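Below is the file query_36.cif, which contains mmCIF, C-alpha atoms.
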```cif
data_input
#
loop_
_atom_site.label_atom_id
_atom_site.label_comp_id
_atom_site.auth_asym_id
_atom_site.auth_seq_id
_atom_site.Cartn_x
_atom_site.Cartn_y
_atom_site.Cartn_z
CA MET D 1 18.75 -16.87 -26.38
CA ALA D 2 20.78 -14.04 -27.89
CA ASN D 3 23.57 -12.46 -25.87
CA ALA D 4 21.87 -10.32 -23.21
CA THR D 5 24.98 -8.43 -22.11
CA PRO D 6 24.27 -4.68 -22.06
CA LYS D 7 26.07 -2.73 -24.79
CA LYS D 8 26.71 0.93 -25.49
CA PHE D 9 25.47 1.96 -22.09
CA LYS D 10 27.69 3.80 -19.64
CA LYS D 11 26.21 4.23 -16.20
CA THR D 12 26.59 7.57 -14.43
CA LEU D 13 28.40 7.53 -11.10
CA LYS D 14 25.07 7.73 -9.29
CA GLN D 15 23.66 4.89 -11.37
CA GLU D 16 26.72 2.85 -10.40
CA GLU D 17 25.82 3.52 -6.77
CA ALA D 18 22.24 2.46 -7.48
CA VAL D 19 23.41 -0.82 -9.01
CA LYS D 20 25.50 -1.51 -5.90
CA LEU D 21 22.47 -0.89 -3.71
CA HIS D 22 20.41 -3.24 -5.87
CA ALA D 23 23.10 -5.90 -5.35
CA SER D 24 23.33 -5.29 -1.59
CA PRO D 25 21.67 -7.54 1.01
CA ALA D 26 18.85 -5.00 1.45
CA THR D 27 15.43 -6.01 0.14
CA PHE D 28 13.82 -2.56 -0.17
CA ILE D 29 15.69 0.09 -2.18
CA LEU D 30 14.50 3.66 -2.78
CA LEU D 31 16.03 5.99 -5.39
CA SER D 32 14.84 9.45 -4.41
CA GLY D 33 15.71 12.78 -5.93
CA GLY D 34 15.15 15.35 -8.62
CA SER D 35 13.49 14.99 -12.00
CA ARG D 36 15.36 13.41 -14.96
CA SER D 37 18.12 12.02 -12.76
CA GLY D 38 18.16 8.50 -14.27
CA LYS D 39 16.26 6.79 -11.43
CA THR D 40 13.59 5.10 -13.54
CA PHE D 41 16.05 4.06 -16.24
CA ILE D 42 18.38 2.22 -13.87
CA ASN D 43 15.52 0.58 -11.97
CA VAL D 44 14.01 -0.78 -15.19
CA ARG D 45 17.43 -1.84 -16.48
CA ASP D 46 18.30 -3.78 -13.33
CA LEU D 47 14.88 -5.41 -13.20
CA ILE D 48 15.42 -6.67 -16.76
CA VAL D 49 18.87 -7.96 -15.77
CA ARG D 50 17.24 -10.00 -13.00
CA ALA D 51 14.63 -11.37 -15.41
CA LEU D 52 17.34 -12.49 -17.84
CA LYS D 53 19.51 -13.88 -15.06
CA ALA D 54 16.84 -16.21 -13.58
CA PRO D 55 14.80 -18.29 -16.07
CA ASN D 56 11.06 -18.53 -15.41
CA SER D 57 11.13 -15.67 -12.91
CA ARG D 58 8.28 -13.19 -12.63
CA HIS D 59 8.64 -9.44 -12.03
CA LEU D 60 6.19 -6.56 -11.58
CA ILE D 61 6.29 -2.85 -12.40
CA ALA D 62 3.52 -0.92 -10.66
CA ARG D 63 2.27 2.64 -10.41
CA LYS D 64 -0.88 4.21 -8.97
CA HIS D 65 -2.58 4.64 -12.36
CA PHE D 66 -2.30 2.04 -15.11
CA SER D 67 -2.41 4.70 -17.85
CA HIS D 68 0.76 6.20 -16.36
CA VAL D 69 2.69 2.94 -16.15
CA LYS D 70 1.65 2.14 -19.72
CA GLN D 71 2.73 5.48 -21.16
CA SER D 72 5.73 6.34 -18.96
CA ILE D 73 7.23 2.88 -18.49
CA TYR D 74 6.07 0.54 -21.23
CA TYR D 75 6.03 2.93 -24.21
CA ASP D 76 8.88 5.14 -23.00
CA THR D 77 11.50 3.93 -20.51
CA PHE D 78 11.23 0.18 -21.18
CA GLN D 79 11.68 0.68 -24.93
CA LYS D 80 14.67 3.00 -24.39
CA VAL D 81 16.32 0.58 -21.95
CA MET D 82 15.92 -2.35 -24.34
CA LYS D 83 17.37 -0.45 -27.30
CA ILE D 84 20.28 1.07 -25.39
CA CYS D 85 21.20 -1.74 -23.00
CA PHE D 86 20.00 -4.89 -24.75
CA PRO D 87 20.21 -4.22 -28.52
CA ALA D 88 20.80 -7.90 -29.39
CA LEU D 89 17.52 -8.87 -27.75
CA VAL D 90 15.68 -6.18 -29.67
CA LYS D 91 17.32 -7.14 -32.96
CA ASP D 92 16.53 -10.84 -32.58
CA ARG D 93 13.13 -10.24 -30.96
CA ASP D 94 13.98 -12.58 -28.11
CA TYR D 95 10.85 -11.57 -26.24
CA VAL D 96 7.13 -11.17 -26.88
CA GLU D 97 4.84 -8.39 -25.74
CA ASN D 98 1.32 -9.18 -24.55
CA LYS D 99 -0.74 -5.99 -24.76
CA SER D 100 -3.88 -7.70 -23.59
CA ASP D 101 -2.65 -8.59 -20.12
CA TRP D 102 0.36 -6.21 -20.38
CA PHE D 103 3.39 -8.32 -19.76
CA ILE D 104 6.67 -9.08 -21.55
CA ARG D 105 7.89 -12.68 -21.79
CA PHE D 106 11.52 -13.40 -22.60
CA ASN D 107 12.66 -16.57 -24.33
CA ASN D 108 14.00 -17.91 -21.02
CA GLY D 109 10.44 -17.96 -19.67
CA SER D 110 10.80 -14.89 -17.43
CA GLU D 111 8.00 -12.33 -17.41
CA ILE D 112 7.71 -8.64 -16.56
CA TRP D 113 4.15 -7.57 -15.73
CA MET D 114 2.91 -3.98 -15.58
CA THR D 115 -0.06 -2.69 -13.63
CA GLY D 116 -1.73 0.25 -11.94
CA LEU D 117 -3.53 0.06 -8.63
CA ASP D 118 -6.68 1.47 -10.20
CA THR D 119 -7.54 -1.37 -12.58
CA GLY D 120 -10.01 -3.48 -10.58
CA GLU D 121 -10.36 -6.89 -12.17
CA ARG D 122 -6.92 -6.78 -13.75
CA MET D 123 -5.39 -5.85 -10.40
CA GLU D 124 -6.91 -9.01 -8.88
CA LYS D 125 -5.21 -11.05 -11.59
CA ILE D 126 -1.87 -9.38 -10.89
CA LEU D 127 -2.17 -9.95 -7.16
CA GLY D 128 -2.92 -13.61 -7.81
CA ASN D 129 0.74 -14.03 -8.84
CA GLU D 130 3.95 -14.08 -6.85
CA TYR D 131 7.00 -12.06 -7.92
CA CYS D 132 10.68 -12.02 -7.12
CA THR D 133 11.06 -8.33 -8.05
CA ILE D 134 8.49 -5.56 -7.59
CA TYR D 135 9.32 -2.06 -8.82
CA VAL D 136 7.03 0.78 -7.75
CA ASN D 137 7.44 3.87 -9.92
CA GLU D 138 6.60 7.37 -8.59
CA VAL D 139 5.92 5.92 -5.16
CA SER D 140 5.08 9.34 -3.69
CA GLU D 141 1.62 8.80 -5.22
CA MET D 142 1.11 5.62 -3.16
CA ASP D 143 -0.13 5.15 0.39
CA TRP D 144 1.51 2.73 2.82
CA GLU D 145 -1.44 0.31 2.73
CA SER D 146 -0.95 -0.18 -1.02
CA ILE D 147 2.75 -0.88 -0.50
CA GLU D 148 1.97 -3.43 2.21
CA MET D 149 -0.42 -5.13 -0.20
CA LEU D 150 2.25 -5.29 -2.91
CA LYS D 151 4.85 -6.56 -0.43
CA SER D 152 2.62 -9.57 0.24
CA ARG D 153 3.22 -10.69 -3.38
CA LEU D 154 7.04 -10.50 -3.10
CA ALA D 155 7.27 -14.25 -2.62
CA GLN D 156 8.39 -16.15 -5.74
CA LYS D 157 11.17 -18.66 -5.14
CA VAL D 158 13.41 -18.85 -8.20
CA LEU D 159 16.71 -20.66 -8.78
CA TYR D 160 19.44 -19.65 -11.23
CA THR D 161 22.92 -20.86 -12.10
CA ASP D 162 25.74 -18.41 -11.42
CA THR D 163 28.89 -17.94 -13.54
CA TYR D 164 30.63 -20.72 -11.61
CA GLY D 165 27.90 -23.23 -12.34
CA THR D 166 26.48 -23.15 -8.81
CA GLU D 167 22.71 -23.15 -8.38
CA ARG D 168 21.50 -20.26 -6.22
CA GLU D 169 18.22 -18.75 -5.11
CA LEU D 170 17.46 -15.29 -6.49
CA SER D 171 17.03 -12.81 -3.65
CA LEU D 172 13.71 -10.97 -3.38
CA LYS D 173 13.92 -7.26 -4.18
CA MET D 174 11.53 -4.31 -4.14
CA TYR D 175 12.62 -1.13 -5.94
CA PHE D 176 11.06 2.32 -5.46
CA ASP D 177 11.64 5.77 -6.92
CA CYS D 178 10.15 9.22 -6.45
CA ASN D 179 10.63 12.96 -6.53
CA PRO D 180 10.66 13.42 -2.75
CA PRO D 181 7.39 14.71 -1.26
CA SER D 182 7.13 16.05 2.29
CA LYS D 183 8.73 14.59 5.38
CA ARG D 184 5.26 13.41 6.40
CA HIS D 185 5.18 10.91 3.54
CA TRP D 186 5.89 7.29 4.48
CA THR D 187 8.94 7.19 2.16
CA TYR D 188 10.79 9.60 4.45
CA ILE D 189 9.51 7.97 7.62
CA VAL D 190 10.49 4.46 6.49
CA PHE D 191 13.70 4.96 4.51
CA VAL D 192 15.24 7.93 6.33
CA LEU D 193 13.88 7.74 9.87
CA LYS D 194 13.65 3.91 9.81
CA LYS D 195 10.27 3.99 11.52
CA ASN D 196 6.93 2.32 10.94
CA PRO D 197 4.65 4.92 9.31
CA THR D 198 1.61 3.63 11.17
CA ASP D 199 2.75 4.08 14.76
CA LYS D 200 6.23 5.70 14.37
CA ALA D 201 7.87 2.76 16.20
CA ASP D 202 11.42 1.85 15.15
CA LEU D 203 11.56 -0.67 12.31
CA ALA D 204 12.76 -4.07 13.52
CA ASP D 205 14.36 -4.60 10.09
CA GLY D 206 15.54 -1.05 9.45
CA ASP D 207 18.75 -2.22 7.74
CA ASP D 208 16.60 -3.86 5.07
CA TYR D 209 15.49 -0.39 3.86
CA VAL D 210 18.13 1.70 2.04
CA TRP D 211 17.93 4.80 -0.12
CA LEU D 212 20.02 6.89 -2.47
CA ARG D 213 19.58 10.50 -3.56
CA MET D 214 19.89 11.01 -7.34
CA ASN D 215 19.57 14.47 -8.89
CA PRO D 216 19.60 15.84 -12.46
CA ASP D 217 23.08 17.28 -11.86
CA ASP D 218 24.25 13.66 -11.59
CA ASN D 219 22.80 12.90 -15.02
CA ARG D 220 24.02 15.89 -17.06
CA GLU D 221 25.39 13.78 -19.90
CA ASN D 222 21.97 12.28 -20.59
CA ILE D 223 19.66 15.30 -20.44
CA ALA D 224 19.17 18.42 -22.51
CA LYS D 225 21.60 21.19 -21.58
CA SER D 226 18.77 23.68 -21.07
CA TYR D 227 16.80 21.40 -18.72
CA LEU D 228 18.72 22.50 -15.64
CA ASN D 229 17.92 26.11 -16.57
CA VAL D 230 14.23 25.15 -16.64
CA LEU D 231 14.52 23.68 -13.15
CA ASN D 232 16.38 26.75 -11.90
CA SER D 233 13.51 28.95 -13.10
CA MET D 234 10.96 27.18 -10.88
CA SER D 235 9.67 28.43 -7.54
CA ALA D 236 11.88 27.71 -4.55
CA LYS D 237 9.52 24.98 -3.34
CA SER D 238 9.47 23.19 -6.72
CA ARG D 239 13.21 23.67 -7.20
CA ARG D 240 13.95 21.99 -3.88
CA ARG D 241 11.92 18.97 -4.91
CA PHE D 242 12.62 18.58 -8.63
CA LYS D 243 16.22 19.84 -8.83
CA ASP D 244 17.71 19.40 -5.37
CA GLY D 245 15.74 16.30 -4.45
CA ASP D 246 14.88 17.50 -0.93
CA TRP D 247 11.95 16.43 1.19
CA THR D 248 9.91 19.49 2.17
CA ASP D 249 9.61 20.90 5.69
CA ASP D 250 6.86 22.89 7.38
CA ASP D 251 6.54 26.52 6.35
CA GLU D 252 6.95 28.68 9.46
CA ASN D 253 3.97 30.79 8.34
CA ALA D 254 1.66 27.83 7.73
CA LEU D 255 -1.56 27.55 9.76
CA TRP D 256 -0.72 24.05 11.03
CA LYS D 257 2.46 22.44 12.36
CA THR D 258 3.41 18.79 12.01
CA GLU D 259 3.80 18.33 15.76
CA ILE D 260 0.18 19.40 16.31
CA ILE D 261 -1.08 16.86 13.79
CA ASP D 262 1.23 14.13 15.10
CA ALA D 263 0.23 14.70 18.73
CA THR D 264 -3.25 13.22 18.24
CA ARG D 265 -2.66 10.85 15.32
CA MET D 266 -4.47 7.51 15.64
CA SER D 267 -4.70 4.26 13.71
CA LEU D 268 -7.82 2.70 12.22
CA ARG D 269 -8.07 0.27 15.13
CA ASP D 270 -8.48 3.28 17.48
CA LEU D 271 -11.52 4.58 15.59
CA PRO D 272 -14.60 4.78 17.87
CA ASP D 273 -18.24 4.81 16.81
CA LEU D 274 -18.98 8.02 14.95
CA LYS D 275 -22.23 9.89 15.22
CA ARG D 276 -21.78 11.86 11.98
CA ILE D 277 -19.62 11.55 8.87
CA VAL D 278 -19.44 13.85 5.85
CA VAL D 279 -17.37 14.09 2.70
CA GLY D 280 -15.95 17.56 2.08
CA VAL D 281 -15.50 18.50 -1.59
CA ASP D 282 -13.69 21.45 -3.15
CA PRO D 283 -14.40 21.06 -6.91
CA ALA D 284 -11.86 22.27 -9.43
CA GLY D 285 -12.95 25.32 -11.37
CA THR D 286 -12.12 23.74 -14.75
CA SER D 287 -11.78 20.27 -16.23
CA ASN D 288 -8.62 19.85 -18.31
CA LYS D 289 -5.07 18.58 -17.92
CA ASN D 290 -3.95 21.88 -16.36
CA SER D 291 -6.82 22.05 -13.86
CA ASP D 292 -6.39 21.98 -10.11
CA ALA D 293 -7.22 18.78 -8.30
CA THR D 294 -10.65 18.36 -6.71
CA GLY D 295 -10.24 18.15 -2.95
CA ILE D 296 -12.20 15.25 -1.42
CA ILE D 297 -11.75 14.56 2.30
CA VAL D 298 -13.81 12.26 4.58
CA VAL D 299 -14.26 13.52 8.17
CA GLY D 300 -16.32 12.37 11.13
CA GLN D 301 -17.31 13.35 14.67
CA ASP D 302 -17.58 10.90 17.56
CA PHE D 303 -19.95 10.92 20.54
CA ASP D 304 -17.29 12.58 22.74
CA GLY D 305 -17.05 15.59 20.45
CA ARG D 306 -13.78 14.66 18.77
CA GLY D 307 -13.09 14.82 15.07
CA TRP D 308 -11.59 12.14 12.85
CA VAL D 309 -10.04 12.71 9.43
CA LEU D 310 -10.62 9.36 7.73
CA GLU D 311 -9.57 9.38 4.09
CA ASP D 312 -8.26 11.56 1.27
CA GLY D 313 -9.82 10.92 -2.14
CA THR D 314 -8.40 14.02 -3.83
CA GLY D 315 -7.44 13.80 -7.49
CA LYS D 316 -7.77 15.33 -10.95
CA TYR D 317 -11.22 14.33 -12.13
CA LYS D 318 -13.86 15.29 -14.66
CA PRO D 319 -17.08 16.48 -12.96
CA ASN D 320 -18.88 13.14 -13.12
CA GLU D 321 -15.68 11.42 -11.91
CA TRP D 322 -15.25 13.53 -8.78
CA ALA D 323 -18.95 13.19 -8.01
CA LYS D 324 -18.71 9.40 -8.30
CA LYS D 325 -15.57 9.36 -6.15
CA ALA D 326 -17.27 11.42 -3.43
CA ILE D 327 -20.37 9.22 -3.51
CA ASP D 328 -18.26 6.04 -3.41
CA LEU D 329 -16.57 7.37 -0.27
CA CYS D 330 -19.98 8.23 1.19
CA ASP D 331 -21.08 4.65 0.61
CA LYS D 332 -17.82 3.22 2.00
CA TRP D 333 -17.98 5.24 5.23
CA GLU D 334 -21.80 5.44 5.44
CA ALA D 335 -21.56 9.21 5.39
CA ASP D 336 -24.54 11.47 6.08
CA ALA D 337 -23.86 14.08 3.41
CA ILE D 338 -21.51 15.67 0.92
CA VAL D 339 -20.41 19.20 1.84
CA ALA D 340 -19.44 20.88 -1.42
CA GLU D 341 -18.15 24.35 -2.25
CA THR D 342 -20.06 26.04 -5.08
CA ASN D 343 -17.95 29.13 -5.74
CA PHE D 344 -16.93 28.00 -9.23
CA GLY D 345 -19.83 25.73 -10.11
CA GLY D 346 -22.97 27.18 -8.55
CA ASP D 347 -25.97 24.88 -8.96
CA MET D 348 -23.94 22.70 -11.32
CA VAL D 349 -22.06 21.22 -8.34
CA GLU D 350 -25.23 19.88 -6.71
CA ASN D 351 -26.67 18.85 -10.07
CA THR D 352 -23.50 16.91 -10.92
CA ILE D 353 -23.71 14.94 -7.67
CA HIS D 354 -27.41 14.22 -8.14
CA SER D 355 -26.83 13.04 -11.69
CA VAL D 356 -24.80 10.21 -10.17
CA LYS D 357 -26.99 9.59 -7.08
CA PRO D 358 -30.31 11.51 -7.21
CA PHE D 359 -31.18 11.48 -3.50
CA MET D 360 -27.72 12.07 -2.05
CA LYS D 361 -27.84 14.73 0.65
CA VAL D 362 -25.75 17.69 -0.48
CA VAL D 363 -24.83 20.66 1.70
CA THR D 364 -23.65 23.52 -0.51
CA VAL D 365 -21.26 26.12 0.86
CA ARG D 366 -19.96 29.37 -0.55
CA ALA D 367 -16.96 31.44 0.56
CA THR D 368 -16.70 35.18 0.19
CA ARG D 369 -13.60 35.77 2.33
CA GLY D 370 -10.09 34.36 2.53
CA LYS D 371 -9.11 30.76 3.15
CA ALA D 372 -7.12 31.61 6.28
CA LEU D 373 -10.14 33.26 7.94
CA ARG D 374 -12.30 30.24 7.11
CA ALA D 375 -9.67 27.88 8.44
CA ASP D 376 -9.07 29.65 11.78
CA PRO D 377 -11.88 27.89 13.73
CA VAL D 378 -10.68 24.51 12.44
CA VAL D 379 -7.07 25.31 13.35
CA ALA D 380 -8.32 26.05 16.86
CA LEU D 381 -9.90 22.58 17.04
CA TYR D 382 -6.54 21.04 16.18
CA GLU D 383 -4.73 23.18 18.75
CA GLN D 384 -7.17 21.94 21.39
CA GLY D 385 -6.29 18.34 20.49
CA LEU D 386 -9.81 17.60 19.24
CA ILE D 387 -8.96 16.32 15.75
CA HIS D 388 -7.36 12.96 15.01
CA HIS D 389 -5.88 11.90 11.67
CA VAL D 390 -6.36 8.19 10.98
CA GLY D 391 -2.95 7.06 9.76
CA ILE D 392 -0.77 9.37 7.68
CA LEU D 393 -2.60 11.45 5.07
CA SER D 394 0.55 12.83 3.48
CA GLY D 395 -1.03 14.78 0.62
CA LEU D 396 -3.43 16.59 2.92
CA GLU D 397 -0.85 17.13 5.66
CA ASP D 398 1.65 18.48 3.15
CA GLU D 399 -0.85 21.20 2.19
CA MET D 400 -1.66 21.94 5.83
CA VAL D 401 1.93 22.61 6.87
CA THR D 402 3.17 24.33 3.68
CA TRP D 403 0.26 26.52 2.54
CA THR D 404 0.33 30.10 3.83
CA PRO D 405 -2.03 33.03 3.18
CA GLU D 406 0.66 34.37 0.81
CA SER D 407 0.91 31.17 -1.24
CA SER D 408 0.10 31.41 -4.95
CA TRP D 409 -1.30 27.85 -5.17
CA SER D 410 -4.68 26.51 -4.12
CA PRO D 411 -4.82 24.01 -1.21
CA ASN D 412 -7.67 21.84 -2.50
CA ARG D 413 -7.38 19.15 0.18
CA LEU D 414 -7.18 21.75 2.93
CA ASP D 415 -10.31 23.50 1.64
CA ALA D 416 -12.27 20.24 1.57
CA LEU D 417 -11.09 19.45 5.11
CA VAL D 418 -12.13 22.87 6.40
CA TRP D 419 -15.58 22.67 4.81
CA GLY D 420 -16.23 19.22 6.24
CA LEU D 421 -15.05 19.94 9.80
CA THR D 422 -16.71 23.37 9.86
CA TYR D 423 -20.05 21.80 8.98
CA LEU D 424 -19.69 19.05 11.60
CA TRP D 425 -18.80 21.51 14.38
CA PHE D 426 -20.76 24.62 13.53
CA GLY D 427 -23.33 23.66 10.89
CA ASN D 428 -26.00 26.21 10.11
CA LYS D 429 -24.98 28.31 13.12
CA ILE D 430 -22.26 29.89 10.98
CA ILE D 431 -24.15 32.15 8.61
CA ASP D 432 -22.19 35.30 8.09
CA GLU D 433 -20.32 37.15 5.41
CA SER D 434 -17.64 34.46 5.39
CA ILE D 435 -19.49 31.14 5.13
CA TYR D 436 -22.97 30.21 3.96
CA PHE D 437 -24.56 26.81 4.44
CA CYS D 438 -27.57 26.23 2.23
#
```
In structure tokens, what does this structure look like?
Amino acid sequence: MANATPKKFKKTLKQEEAVKLHASPATFILLSGGSRSGKTFINVRDLIVRALKAPNSRHLIARKHFSHVKQSIYYDTFQKVMKICFPALVKDRDYVENKSDWFIRFNNGSEIWMTGLDTGERMEKILGNEYCTIYVNEVSEMDWESIEMLKSRLAQKVLYTDTYGTERELSLKMYFDCNPPSKRHWTYIVFVLKKNPTDKADLADGDDYVWLRMNPDDNRENIAKSYLNVLNSMSAKSRRRFKDGDWTDDDENALWKTEIIDATRMSLRDLPDLKRIVVGVDPAGTSNKNSDATGIIVVGQDFDGRGWVLEDGTGKYKPNEWAKKAIDLCDKWEADAIVAETNFGGDMVENTIHSVKPFMKVVTVRATRGKALRADPVVALYEQGLIHHVGILSGLEDEMVTWTPESSWSPNRLDALVWGLTYLWFGNKIIDESIYFC
């Protein structure tokens, strides 16, 4: 094999800190902070170092969507890291790229696999392997259950020979990175609070989880000079996340507070029999890359008159895609109906759903007054302790505790939640100038 020693690459001070964390006894390492701070580059670089260090080792790079890991990691960061840090390997082509199963195999037998968690059959193949390094990119997109699933594959035992000729076992490592979401996301709960995100109990192995903040200011020598000006021009909320690398707090003017949601939070094992379940849908008004997400929230009501928020299926979809997602969730939870807003789609919303499943029950709703007024009865249910969230629904909860009536952005998850719970509690009894059920 050609000399694999990195050349012509000078780590920033923060990247030096990241390398030290990677080499520490901790198994789980999070690099959290602003955009373009060098987090992904150093994670990929150190994963490659481990692959070259231990012959016949297997490593995984994962993200929520396979198209994103393919474009952002394989075609972008991985290629840059190889050219900048390992030019001799690139020159001598000391590795092969398999674009059928999407892995890289080095001449020492080590492999780096890449996957998304949305790939079905291919995901089963990936999870059939064991790995000694798993790197999860943009982990703010992932739920805790997905991380637990990936952790189960962090199990490959690999030996290597150190510089003194001693045979050693390569330690298992799991790398993460993200632009920090809200403090309700499991990344904050696990890495900062050192608590289990399911029940908020202290982690027994809290020292095994470490994190480092990395911001674009720490990576000035590697980014365009005007990029920091772009970040400074963003809204205060976006600037805190993408420039300052801060987790977001509740807005004091938001309709909900975290402590209200936390007070009645339950786990899946606490879920009783439900008498009714619906899927609330707030379709995006357009279908392009700049469109809003389509809010899709599953909610239920038990026989004691309590509500349960079960799952968040929100995402950016084409019309037939969001309809299929909503119907899939109906099938999964055996829901009674889809409750869908028709303000931007009219009859097309119901027609889109029926084009996927002709006899699906659809309740169409239309709003003529503000979101805050529509949400007030649902907020009251929460304040009475009648609504339980099953696990942590960080995307939804982030909207609930940061959206205010003065906000300039649309809370798609919140809207879907309100429509679903309003229908379960009030149904056709609410027919006024604010809400219409058809």
Could you write out as a PyMOL selection string the residues that the PyMOL selection byres ((chain D and resi 78) around 12) matches in the shown file? chain D and resi 40-48+61+69-77+79-86+90+97+103-104+112-114
Target residues per the PyMOL selection byres ((chain D and resi 274-280) around 7), formatted as a list in words: Pro272, Asp273, Val281, Asp282, Ile296, Ile297, Val298, Val299, Gly300, Gln301, Asp302, Phe303, Ala326, Cys330, Ala335, Asp336, Ala337, Ile338, Val339, Ala340, Ala416, Leu417, Trp419 and Gly420 of chain D
Residues selected by the PyMOL selection byres ((chain D and resi 323) around 10), written as a ChimeraX atom specification: /D:281,283,294,296,317-322,324-329,338,349-357
Keeping only C-alpha atoms, take the residues you just selected and write them out as a tab-separated table (two decimals), in the frame of the given file.
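Dumped everything to part01.tsv:
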```
chain	number	residue	atom	x	y	z
D	281	VAL	CA	-15.50	18.50	-1.59
D	283	PRO	CA	-14.40	21.06	-6.91
D	294	THR	CA	-10.65	18.36	-6.71
D	296	ILE	CA	-12.20	15.25	-1.42
D	317	TYR	CA	-11.22	14.33	-12.13
D	318	LYS	CA	-13.86	15.29	-14.66
D	319	PRO	CA	-17.08	16.48	-12.96
D	320	ASN	CA	-18.88	13.14	-13.12
D	321	GLU	CA	-15.68	11.42	-11.91
D	322	TRP	CA	-15.25	13.53	-8.78
D	324	LYS	CA	-18.71	9.40	-8.30
D	325	LYS	CA	-15.57	9.36	-6.15
D	326	ALA	CA	-17.27	11.42	-3.43
D	327	ILE	CA	-20.37	9.22	-3.51
D	328	ASP	CA	-18.26	6.04	-3.41
D	329	LEU	CA	-16.57	7.37	-0.27
D	338	ILE	CA	-21.51	15.67	0.92
D	349	VAL	CA	-22.06	21.22	-8.34
D	350	GLU	CA	-25.23	19.88	-6.71
D	351	ASN	CA	-26.67	18.85	-10.07
D	352	THR	CA	-23.50	16.91	-10.92
D	353	ILE	CA	-23.71	14.94	-7.67
D	354	HIS	CA	-27.41	14.22	-8.14
D	355	SER	CA	-26.83	13.04	-11.69
D	356	VAL	CA	-24.80	10.21	-10.17
D	357	LYS	CA	-26.99	9.59	-7.08
```
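For the residues D:Leu60, D:Val418, D:Leu21, D:Leu31, ranking by smallest atom-to-atom distance to D:Leu373 using only C-alpha atoms places D:Val418 first.
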Separation of atom CA of D:Arg153 from atom CA of D:Ser110 in Å: 16.5 Å
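Atom CA of D:Asp415 sits 19.8 Å away from atom CA of D:Gly391.
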Contacts of D:Ile189 at 12 Å (only C-alpha atoms; same-chain gap of 3+ positions) as a PyMOL selection string: chain D and resi 144+180-186+192-203+206+209+211+247+392+394
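With distances restricted to all atoms listed in the file, D:Tyr160 is the closest residue to D:Lys53 from D:Tyr160, D:Phe176, D:Phe242, D:Trp256.
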Shortest interatomic distance to D:Gly370 - which of D:Gly313, D:Pro405, D:His389, D:Asn253, counting all atoms listed in the file: D:Pro405
